[in-house]
Structures are given as structure tokens and as C-alpha cells.
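J.: Dropping in coords_13.txt, with compact mmCIF, C-alpha atoms.
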```
# COMPACT_ATOMS: atom_id res chain seq x y z
CA MET Z 212 -41.17 34.34 -32.73
CA GLY Z 213 -40.55 37.79 -34.13
CA ASP Z 214 -44.16 38.26 -35.26
CA PHE Z 215 -46.81 39.89 -33.12
CA MET Z 216 -48.71 37.29 -31.05
CA ALA Z 217 -52.38 37.98 -30.38
CA ASP Z 218 -53.05 35.13 -27.89
CA VAL Z 219 -50.53 36.09 -25.29
CA SER Z 220 -50.45 38.42 -22.32
CA VAL Z 221 -47.58 40.59 -21.15
CA GLU Z 222 -47.67 38.64 -17.89
CA ALA Z 223 -47.13 35.33 -19.70
CA LEU Z 224 -44.26 36.78 -21.69
CA GLN Z 225 -42.66 38.22 -18.58
CA ILE Z 226 -42.91 34.85 -16.81
CA VAL Z 227 -41.22 33.16 -19.76
CA LYS Z 228 -38.62 35.87 -20.08
CA GLN Z 229 -37.78 35.63 -16.37
CA SER Z 230 -37.52 31.83 -16.60
CA LEU Z 231 -35.20 32.06 -19.61
CA ASN Z 232 -33.01 34.67 -17.94
CA ASP Z 233 -32.84 32.69 -14.71
CA PHE Z 234 -31.88 29.58 -16.65
CA ARG Z 235 -29.15 31.43 -18.56
CA THR Z 236 -27.77 32.75 -15.26
CA ASP Z 237 -27.85 29.27 -13.68
CA ILE Z 238 -26.15 27.59 -16.62
CA SER Z 239 -23.63 30.34 -17.32
CA GLY Z 240 -20.13 29.23 -16.28
CA MET Z 241 -21.32 25.75 -15.36
CA ALA Z 242 -18.98 24.13 -17.90
CA GLY Z 243 -16.06 26.00 -16.34
CA ARG Z 244 -17.03 24.85 -12.83
CA VAL Z 245 -17.48 21.27 -14.05
CA GLN Z 246 -14.06 21.43 -15.73
CA ASN Z 247 -12.56 22.63 -12.45
CA THR Z 248 -14.24 19.81 -10.49
CA SER Z 249 -13.10 17.32 -13.11
CA ASP Z 250 -9.47 18.54 -12.87
CA GLN Z 251 -9.56 18.18 -9.08
CA LEU Z 252 -11.03 14.68 -9.34
CA VAL Z 253 -8.33 13.65 -11.82
CA GLN Z 254 -5.64 15.00 -9.47
CA SER Z 255 -7.23 13.19 -6.55
CA GLY Z 256 -7.37 9.97 -8.62
CA LEU Z 257 -3.71 10.36 -9.61
CA SER Z 258 -2.77 10.71 -5.93
CA LYS Z 259 -4.65 7.48 -5.17
CA VAL Z 260 -2.82 5.64 -7.98
CA SER Z 261 0.47 7.09 -6.79
CA LYS Z 262 -0.26 5.97 -3.19
CA ALA Z 263 -1.10 2.45 -4.44
CA GLN Z 264 2.18 2.40 -6.43
CA SER Z 265 4.18 3.42 -3.38
CA ASP Z 266 2.38 0.74 -1.30
CA VAL Z 267 3.52 -1.88 -3.85
CA ALA Z 268 7.09 -0.52 -3.85
CA GLU Z 269 7.15 -0.51 -0.04
CA SER Z 270 5.91 -4.11 0.10
CA GLU Z 271 8.48 -5.21 -2.52
CA ASN Z 272 11.18 -3.50 -0.49
CA LYS Z 273 10.01 -5.34 2.63
CA ILE Z 274 10.11 -8.65 0.70
CA ASN Z 275 13.69 -7.94 -0.43
CA LYS Z 276 14.74 -7.13 3.13
CA LEU Z 277 13.09 -10.31 4.45
CA ASN Z 278 14.82 -12.39 1.73
CA GLN Z 279 18.16 -10.84 2.70
CA LYS Z 280 17.48 -11.47 6.39
CA ILE Z 281 16.56 -15.11 5.70
CA GLU Z 282 19.76 -15.53 3.68
CA THR Z 283 21.78 -14.04 6.57
CA LEU Z 284 20.04 -16.34 9.05
CA GLU Z 285 20.68 -19.37 6.80
CA ASN Z 286 24.38 -18.46 6.71
CA LYS Z 287 24.37 -18.07 10.49
CA ILE Z 288 22.65 -21.48 10.89
CA SER Z 289 25.29 -23.10 8.62
CA GLN Z 290 28.08 -21.38 10.55
CA ILE Z 291 26.73 -22.43 13.97
CA SER Z 292 26.04 -25.97 12.76
CA ALA Z 293 29.59 -26.24 11.41
CA GLU Z 294 30.99 -24.94 14.70
CA ILE Z 295 28.91 -27.46 16.71
CA HIS Z 296 30.00 -30.23 14.35
CA GLY Z 297 33.66 -29.22 14.72
CA LEU Z 298 33.41 -29.15 18.53
CA GLU Z 299 31.53 -32.45 18.66
CA ASN Z 300 34.21 -34.05 16.50
CA SER Z 301 37.01 -32.70 18.70
CA ILE Z 302 35.57 -34.05 22.00
CA PRO Z 303 36.21 -37.77 21.37
CA GLN Z 304 39.83 -36.95 20.41
CA LEU Z 305 40.23 -34.87 23.59
CA LYS Z 306 38.68 -37.63 25.69
CA GLN Z 307 41.00 -40.14 24.06
CA ARG Z 308 43.93 -37.89 24.93
CA ILE Z 309 42.72 -37.69 28.56
CA GLN Z 310 42.50 -41.46 28.70
CA THR Z 311 46.05 -41.77 27.35
CA LEU Z 312 47.37 -39.17 29.81
CA LYS Z 313 45.64 -40.88 32.75
CA GLN Z 314 47.21 -44.19 31.73
CA GLN Z 315 50.55 -42.40 31.41
CA ILE Z 316 50.13 -40.83 34.89
CA SER Z 317 49.19 -44.19 36.36
CA TYR Z 318 52.20 -45.78 34.74
CA LEU Z 319 54.46 -42.95 36.03
CA GLU Z 320 52.99 -43.29 39.54
CA GLY Z 321 53.77 -47.00 39.43
CA GLN Z 322 57.34 -46.30 38.30
CA ILE Z 323 57.78 -43.62 40.98
CA SER Z 324 56.41 -45.93 43.66
CA ALA Z 325 58.79 -48.71 42.61
CA LEU Z 326 61.73 -46.31 42.59
CA ARG Z 327 60.77 -45.03 46.05
CA ALA Z 328 60.72 -48.57 47.35
CA GLU Z 329 64.10 -49.13 45.76
CA LEU Z 330 65.35 -45.89 47.32
CA SER Z 331 64.27 -46.91 50.79
CA SER Z 332 66.16 -50.16 50.52
CA THR Z 333 69.39 -48.65 49.19
CA ASP Z 334 72.15 -47.28 51.36
CA ASP Z 335 74.63 -46.44 48.68
CA GLU Z 336 74.69 -42.70 48.30
CA ASP Z 337 75.51 -42.65 44.60
CA GLN Z 338 72.79 -45.14 43.84
CA ARG Z 339 70.35 -43.21 46.03
CA SER Z 340 71.28 -40.07 44.23
CA GLN Z 341 70.66 -41.68 40.79
CA ILE Z 342 67.32 -43.14 41.94
CA GLN Z 343 66.25 -39.78 43.36
CA ALA Z 344 67.16 -38.10 40.07
CA GLN Z 345 65.01 -40.70 38.20
CA ILE Z 346 62.16 -40.10 40.69
CA ASP Z 347 62.44 -36.33 40.16
CA SER Z 348 62.41 -36.76 36.38
CA LEU Z 349 59.36 -39.06 36.53
CA GLU Z 350 57.60 -36.68 38.97
CA ASN Z 351 58.26 -33.90 36.51
CA GLN Z 352 56.82 -35.99 33.66
CA LYS Z 353 53.82 -36.89 35.82
CA SER Z 354 53.28 -33.26 36.74
CA GLN Z 355 53.37 -32.25 33.03
CA ALA Z 356 50.98 -35.09 32.14
CA GLN Z 357 48.65 -34.12 34.98
CA TYR Z 358 48.73 -30.49 33.83
CA GLU Z 359 47.94 -31.49 30.26
CA CYS Z 360 45.23 -33.87 31.48
CA ASN Z 361 43.57 -31.10 33.56
CA ASP Z 362 43.89 -28.69 30.65
CA THR Z 363 42.32 -31.19 28.24
CA GLU Z 364 39.49 -31.95 30.66
CA SER Z 365 38.89 -28.22 30.90
CA LYS Z 366 38.80 -28.04 27.10
CA VAL Z 367 36.23 -30.83 26.97
CA ASP Z 368 34.16 -29.08 29.61
CA ASN Z 369 34.37 -25.74 27.75
CA SER Z 370 33.54 -27.41 24.44
CA GLU Z 371 30.46 -29.03 25.92
CA LYS Z 372 29.36 -25.72 27.42
CA LYS Z 373 30.03 -24.00 24.08
CA ILE Z 374 28.02 -26.68 22.24
CA SER Z 375 25.13 -26.14 24.66
CA THR Z 376 25.24 -22.35 24.07
CA LEU Z 377 25.55 -22.83 20.30
CA ARG Z 378 22.59 -25.22 20.26
CA GLN Z 379 20.46 -22.60 22.03
CA ASP Z 380 21.68 -20.01 19.54
CA LEU Z 381 20.93 -22.41 16.66
CA SER Z 382 17.44 -23.04 17.94
CA ALA Z 383 16.78 -19.30 18.35
CA THR Z 384 18.17 -18.60 14.85
CA LYS Z 385 16.04 -21.35 13.29
CA SER Z 386 13.01 -20.00 15.11
CA GLU Z 387 13.77 -16.48 13.85
CA LYS Z 388 14.19 -17.85 10.31
CA SER Z 389 10.81 -19.64 10.53
CA SER Z 390 9.21 -16.43 11.74
CA CYS Z 391 10.79 -14.47 8.84
CA GLU Z 392 9.64 -17.12 6.36
CA ALA Z 393 6.09 -16.88 7.68
CA GLU Z 394 6.28 -13.07 7.47
CA LEU Z 395 7.70 -13.34 3.94
CA SER Z 396 4.90 -15.62 2.83
CA SER Z 397 2.32 -13.24 4.30
CA GLU Z 398 4.04 -10.20 2.73
CA LYS Z 399 4.20 -11.90 -0.70
CA ASN Z 400 0.48 -12.53 -0.46
CA ARG Z 401 -0.08 -8.90 0.60
CA CYS Z 402 2.13 -7.68 -2.25
CA ASN Z 403 0.11 -9.70 -4.80
CA ASN Z 404 -3.08 -8.17 -3.43
CA LEU Z 405 -1.54 -4.68 -3.61
CA LYS Z 406 -0.37 -5.26 -7.21
CA ASN Z 407 -3.81 -6.52 -8.14
CA LYS Z 408 -5.35 -3.47 -6.46
CA LEU Z 409 -2.97 -1.16 -8.36
CA GLU Z 410 -3.86 -2.69 -11.74
CA ARG Z 411 -7.60 -2.46 -11.03
CA LEU Z 412 -7.15 1.10 -9.75
CA LYS Z 413 -5.25 2.14 -12.90
CA THR Z 414 -8.00 0.68 -15.10
CA ALA Z 415 -10.75 2.32 -13.00
CA PHE Z 416 -8.85 5.63 -13.05
CA LYS Z 417 -8.55 5.59 -16.89
CA LYS Z 418 -12.27 4.91 -17.14
CA MET Z 419 -13.00 7.73 -14.66
CA GLU Z 420 -10.74 10.12 -16.59
CA SER Z 421 -12.49 9.27 -19.85
CA ASP Z 422 -15.96 9.57 -18.25
CA LEU Z 423 -15.03 12.96 -16.78
CA GLN Z 424 -13.90 14.17 -20.22
CA ASN Z 425 -17.24 13.04 -21.67
CA TYR Z 426 -19.11 14.79 -18.85
CA VAL Z 427 -17.20 18.05 -19.30
CA SER Z 428 -17.70 17.89 -23.10
CA ALA Z 429 -21.44 17.22 -22.65
CA MET Z 430 -21.73 20.15 -20.26
CA LYS Z 431 -19.79 22.45 -22.66
CA ARG Z 432 -22.00 21.41 -25.57
CA PHE Z 433 -25.09 21.92 -23.44
CA GLU Z 434 -24.01 25.32 -22.17
CA SER Z 435 -23.22 26.50 -25.67
CA SER Z 436 -26.37 25.11 -27.34
CA SER Z 437 -28.85 25.96 -24.57
CA THR Z 438 -27.49 29.47 -24.11
CA SER Z 439 -27.92 30.17 -27.80
CA GLU Z 440 -31.38 28.54 -27.78
CA THR Z 441 -32.60 30.48 -24.73
CA GLN Z 442 -30.99 33.66 -26.03
CA LYS Z 443 -33.01 33.35 -29.26
CA SER Z 444 -36.21 32.65 -27.32
CA SER Z 445 -35.54 35.46 -24.90
CA SER Z 446 -34.96 37.95 -27.74
CA ALA Z 447 -38.18 36.85 -29.38
CA VAL Z 448 -40.04 37.22 -26.09
CA ASP Z 449 -38.52 40.71 -25.70
CA GLN Z 450 -39.87 41.63 -29.11
CA CYS Z 451 -43.33 40.30 -28.19
CA ILE Z 452 -43.39 42.20 -24.92
CA SER Z 453 -42.36 45.34 -26.71
CA SER Z 454 -45.07 44.87 -29.40
CA ILE Z 455 -47.80 44.18 -26.83
CA GLU Z 456 -46.78 47.14 -24.69
CA GLY Z 457 -46.78 49.32 -27.83
CA TYR Z 458 -50.23 48.04 -28.79
CA LEU Z 459 -51.67 48.61 -25.30
CA SER Z 460 -50.28 52.14 -25.02
CA SER Z 461 -51.52 53.29 -28.47
CA PRO Z 462 -54.74 55.44 -28.45
CA LEU Z 463 -57.94 53.58 -29.44
CA MET Y 75 -12.65 14.78 -3.51
CA SER Y 76 -15.48 12.40 -4.32
CA SER Y 77 -18.50 11.86 -6.56
CA GLY Y 78 -20.46 14.07 -4.13
CA GLU Y 79 -19.19 17.19 -5.96
CA ILE Y 80 -20.50 15.94 -9.30
CA ARG Y 81 -23.78 14.87 -7.70
CA LYS Y 82 -24.20 18.39 -6.27
CA GLU Y 83 -23.53 19.89 -9.71
CA LEU Y 84 -25.97 17.49 -11.34
CA ASP Y 85 -28.68 18.27 -8.77
CA GLN Y 86 -28.22 21.97 -9.34
CA PHE Y 87 -28.24 21.42 -13.10
CA GLN Y 88 -31.40 19.33 -12.99
CA ARG Y 89 -33.11 21.91 -10.78
CA SER Y 90 -32.27 24.64 -13.31
CA VAL Y 91 -33.68 22.65 -16.26
CA LYS Y 92 -36.82 21.74 -14.29
CA LYS Y 93 -37.24 25.37 -13.20
CA LEU Y 94 -37.08 26.48 -16.84
CA SER Y 95 -39.63 23.88 -17.94
CA ALA Y 96 -41.90 24.79 -15.03
CA GLY Y 97 -41.58 28.54 -15.74
CA VAL Y 98 -42.42 28.11 -19.41
CA GLY Y 99 -45.20 25.64 -18.54
CA LYS Y 100 -46.73 28.17 -16.14
CA ALA Y 101 -47.24 30.56 -19.06
CA SER Y 102 -49.12 27.96 -21.13
CA ASN Y 103 -52.56 29.05 -19.85
CA LEU Y 104 -51.82 32.67 -20.69
CA TRP Y 105 -50.26 32.03 -24.06
CA GLN Y 106 -52.18 29.79 -26.42
CA ASP Y 107 -50.97 30.08 -29.98
CA ASN Y 108 -48.37 28.50 -32.28
CA LYS Y 109 -45.58 30.72 -30.97
CA TYR Y 110 -45.95 29.18 -27.56
CA GLN Y 111 -45.64 25.74 -29.18
CA GLU Y 112 -42.38 26.91 -30.79
CA LEU Y 113 -41.07 28.11 -27.46
CA SER Y 114 -42.23 24.95 -25.71
CA SER Y 115 -40.47 22.82 -28.36
CA SER Y 116 -37.35 24.87 -27.88
CA VAL Y 117 -37.44 24.27 -24.11
CA SER Y 118 -38.12 20.56 -24.70
CA ALA Y 119 -35.02 20.47 -26.92
CA VAL Y 120 -33.01 21.99 -24.05
CA ALA Y 121 -34.44 19.39 -21.65
CA ASN Y 122 -33.51 16.61 -24.10
CA MET Y 123 -29.98 18.00 -24.44
CA SER Y 124 -29.71 17.97 -20.66
CA ARG Y 125 -30.12 14.18 -20.67
CA ASP Y 126 -26.62 13.77 -22.18
CA VAL Y 127 -25.19 15.83 -19.33
CA ILE Y 128 -27.10 13.90 -16.67
CA LEU Y 129 -26.26 10.48 -18.12
CA SER Y 130 -22.56 11.30 -18.53
CA GLY Y 131 -22.53 12.85 -15.04
CA GLU Y 132 -24.10 9.75 -13.50
CA GLN Y 133 -21.60 7.59 -15.37
CA CYS Y 134 -18.82 9.74 -13.85
CA CYS Y 135 -20.21 9.27 -10.35
CA SER Y 136 -20.21 5.52 -10.84
CA SER Y 137 -16.57 5.59 -12.11
CA ILE Y 138 -15.45 7.87 -9.26
CA ASP Y 139 -17.13 5.62 -6.68
CA LYS Y 140 -15.38 2.60 -8.19
CA VAL Y 141 -11.98 4.33 -7.95
CA ASP Y 142 -12.72 5.31 -4.33
CA LYS Y 143 -13.85 1.79 -3.45
CA ILE Y 144 -10.68 0.19 -4.87
CA ALA Y 145 -8.47 2.87 -3.28
CA SER Y 146 -10.01 2.19 0.13
CA GLU Y 147 -9.11 -1.53 0.07
CA ASN Y 148 -6.66 -2.28 2.85
CA TYR Y 149 -4.10 -5.10 2.79
```
Any chance you could put this one into C-alpha cells?

T.:
Amino acid sequence: MGDFMADVSVEALQIVKQSLNDFRTDISGMAGRVQNTSDQLVQSGLSKVSKAQSDVAESENKINKLNQKIETLENKISQISAEIHGLENSIPQLKQRIQTLKQQISYLEGQISALRAELSSTDDEDQRSQIQAQIDSLENQKSQAQYECNDTESKVDNSEKKISTLRQDLSATKSEKSSCEAELSSEKNRCNNLKNKLERLKTAFKKMESDLQNYVSAMKRFESSSTSETQKSSSAVDQCISSIEGYLSSPL
Amino acid sequence: MSSGEIRKELDQFQRSVKKLSAGVGKASNLWQDNKYQELSSSVSAVANMSRDVILSGEQCCSSIDKVDKIASENY
């Protein structure tokens, strides 16, 4: 392009020169800008991978907490069931004791009644005194038996009330456990989806990173090659313009 | 940050290459010898080189969109 060119006008050369200069200006620094964009995209991608990792960790943590809660609820269910079982077993024994005490009271009442009849038909003071002492002793025994009977009946009543409360508690605990198990199942499913997402995201991110490197390299190669190519052309055009202008200004 | 940035860069890049080809093409009627053919070949070489940039850029956009699509999945 360094030789003088007869079939060209200054106007044509100036158009070409302007186009080459404009192109050089447009392309200049483009590789740097692309590199900057690429770096930002990689950082943005890393943040997305990091967020997906923390989502998985959060879900795994939730699963652990639900497992622990279910274990606690299972222990509570066992404990309540054992308590109900213990109370249920104690009631027949208590009822048996009540039955025995009532029989004992009835027997004592019979004895007392007989002694009172005997007392009313006795005039001897010593004998009356002995009978009265026996009546007092039996009354005392009856009173103790009655007290124990009332106390045992109260225990039965309290045990039955306690069993009723414990059964409600057991039902609520079982219901809570079922709810936790359903939540656990759902969370496990969610966690699998999140793990799958993370793996796919990591793979997609690596591909993106590699593609960005290729893009930046292509732009760097282009900027370097095209700048040198257009520089050469532009210099040649400059020489042509200069030759033509020299030719036109020389005297004929 | 999305593929939109790369797309903008690629659009700008393509416009610059097309502008160069158009500018040099405009001179073809006023410049009709072998030297113009040399220049035209040189510009064609630049346009060919630009294909690598455009293809790799488009590949990037596709990869970035895929990352964004996966990242936007909600569970």
C-alpha cells in the first residue's frame, strides 16, 4: 500500500482513513472492558453458588433439628405411655384395697353394733366399761379404715383424672410428631432438590467461567490483531493521501 | 449482573465492525485498483476475526443465562 495509487481520490482515502481511525477508537480498550465485565460476572456467579450452598446447609440444619425434635417427642410419648400404663396398673390394686377396706368397715360396724346391743343389756359397770373400751377401739379402727378408704378412693379418682390428662397430652404429642414427620419428609425432598440445584449450578458456573475466559481471550486476540491490521492500513492510506496531495499541489 | 452486559458489548462490537466494512465499502467507487483490493481483503480478515469474538460471546450469554435460570429455581 506504500506505492502511489493512480485510481484513487483523496476523498476516498479520507473516507477509508476516517473509518479505520473510528474503528481503532471503538475497539481500543474493549478487551479491558470485556475482562472487567467477565470478572464481575464470575463474582456474581460465585455469589449464586455460595447462596445455593448456604440454602443446602440451612435445609440440612433444619432436617437435623426436626430429627432431634422427633426423637424428643418419641421419648415424651414413651414417657407418657409408661406413666399411663403405671397408673392404669395401679387402679385395680387401689380398687381392690377399697373393696377390702369397705368389707373391713362393714365387719367393724357389725361388731360395734353387736357390742352396743351387749352394752345396753349389761348393768355391770366393769363389764360395761370393758365393752365400751372395745367399742371405742373398734370405732377407732373403723375411723382409720374409713379414712384410708376415702384416701384410696381419692387416689383412684386422681389417677383417672391424671390418665385422662395424660391421654390428651399423648394425643397432642403424637399429632405434633406426625406433623414434624410430614415436615421432615417435605424438607428432605426440598433438600434433595437444593443439592441437585447446587450441583447443576456448579457445573453451569464452571462452563460459564470457561466460556468467559474464551470470550476475553478472543477479544484480546481480536483487539491486538485488528489494531495492528488497521494501523498498517491507516499508515498506508496516510502515505497515499500525502502522495496525492503532493501530486495535486505540484506545478503542471 | 447478567448476559445483558455481554450482549450490549457484542452489539457495540458488531456495530463497529459493520461500520468499518461500510466505510471501506463506501470508498470502493472512488478507488478502483489493486490497492483497494488489498485494503478490502484486510478489512474482510478483520471481519472474519470478529466471528470468533461474536461466537464466543454468544456462547457466554447462553452459559450466563443457564446459570441465572438454575439460580432462580425456588424450592

J.: Set the cut-off to 6 Å and count all atoms listed in the file: what are the residues of chain Y that reach chain Z? Output as a compact mmCIF listing (two decimals) with C-alpha atoms, keeping the file's coordinate frame.

T.:
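Contents of result-v3.txt, freshly written:
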```txt
# COMPACT_ATOMS: atom_id res chain seq x y z
CA SER Y 90 -32.27 24.64 -13.31
CA LEU Y 94 -37.08 26.48 -16.84
CA GLY Y 97 -41.58 28.54 -15.74
CA VAL Y 98 -42.42 28.11 -19.41
CA ALA Y 101 -47.24 30.56 -19.06
CA LEU Y 104 -51.82 32.67 -20.69
CA TRP Y 105 -50.26 32.03 -24.06
CA GLN Y 106 -52.18 29.79 -26.42
CA ASP Y 107 -50.97 30.08 -29.98
CA LYS Y 109 -45.58 30.72 -30.97
CA VAL Y 120 -33.01 21.99 -24.05
CA VAL Y 127 -25.19 15.83 -19.33
CA SER Y 130 -22.56 11.30 -18.53
CA GLY Y 131 -22.53 12.85 -15.04
CA CYS Y 134 -18.82 9.74 -13.85
CA SER Y 137 -16.57 5.59 -12.11
CA ILE Y 138 -15.45 7.87 -9.26
CA VAL Y 141 -11.98 4.33 -7.95
CA TYR Y 149 -4.10 -5.10 2.79
```

J.: Gln352 (chain Z): which residues within 10 Å, counting all atoms listed in the file, same-chain residues fewer than 6 positions away excluded, as a list in words?

T.: Gln315, Ile316, Leu319, Ile346 and Tyr358 of chain Z

J.: Go ahead and save the residues from that selection, with C-alpha atoms, as a compact mmCIF listing (two decimals), in the frame of the given file.

T.:
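Written file, again25.txt:
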```
# COMPACT_ATOMS: atom_id res chain seq x y z
CA GLN Z 315 50.55 -42.40 31.41
CA ILE Z 316 50.13 -40.83 34.89
CA LEU Z 319 54.46 -42.95 36.03
CA ILE Z 346 62.16 -40.10 40.69
CA TYR Z 358 48.73 -30.49 33.83
```

J.: Record the distance separating CA of Ile295 (chain Z) and CA of Ser375 (chain Z), expressed in Å with one decimal.

T.: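 That distance, rounded to one decimal, is 8.9 Å.
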
J.: Determine the nearest neighbour of Ser118 (chain Y) from the options Y:Val91, Y:Asp139, Y:Asn148, Y:Ser102, counting all atoms listed in the file.

T.: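 So, comparing all the options, the nearest one is Y:Val91.
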
J.: May I have the protein, DNA and RNA residues with any atom at most 12 Å from the point (23.6, -22.9, 22.7), counting all atoms listed in the file, written as number ranges by chain?

T.: Z: 288, 291-292, 294-295, 370-384
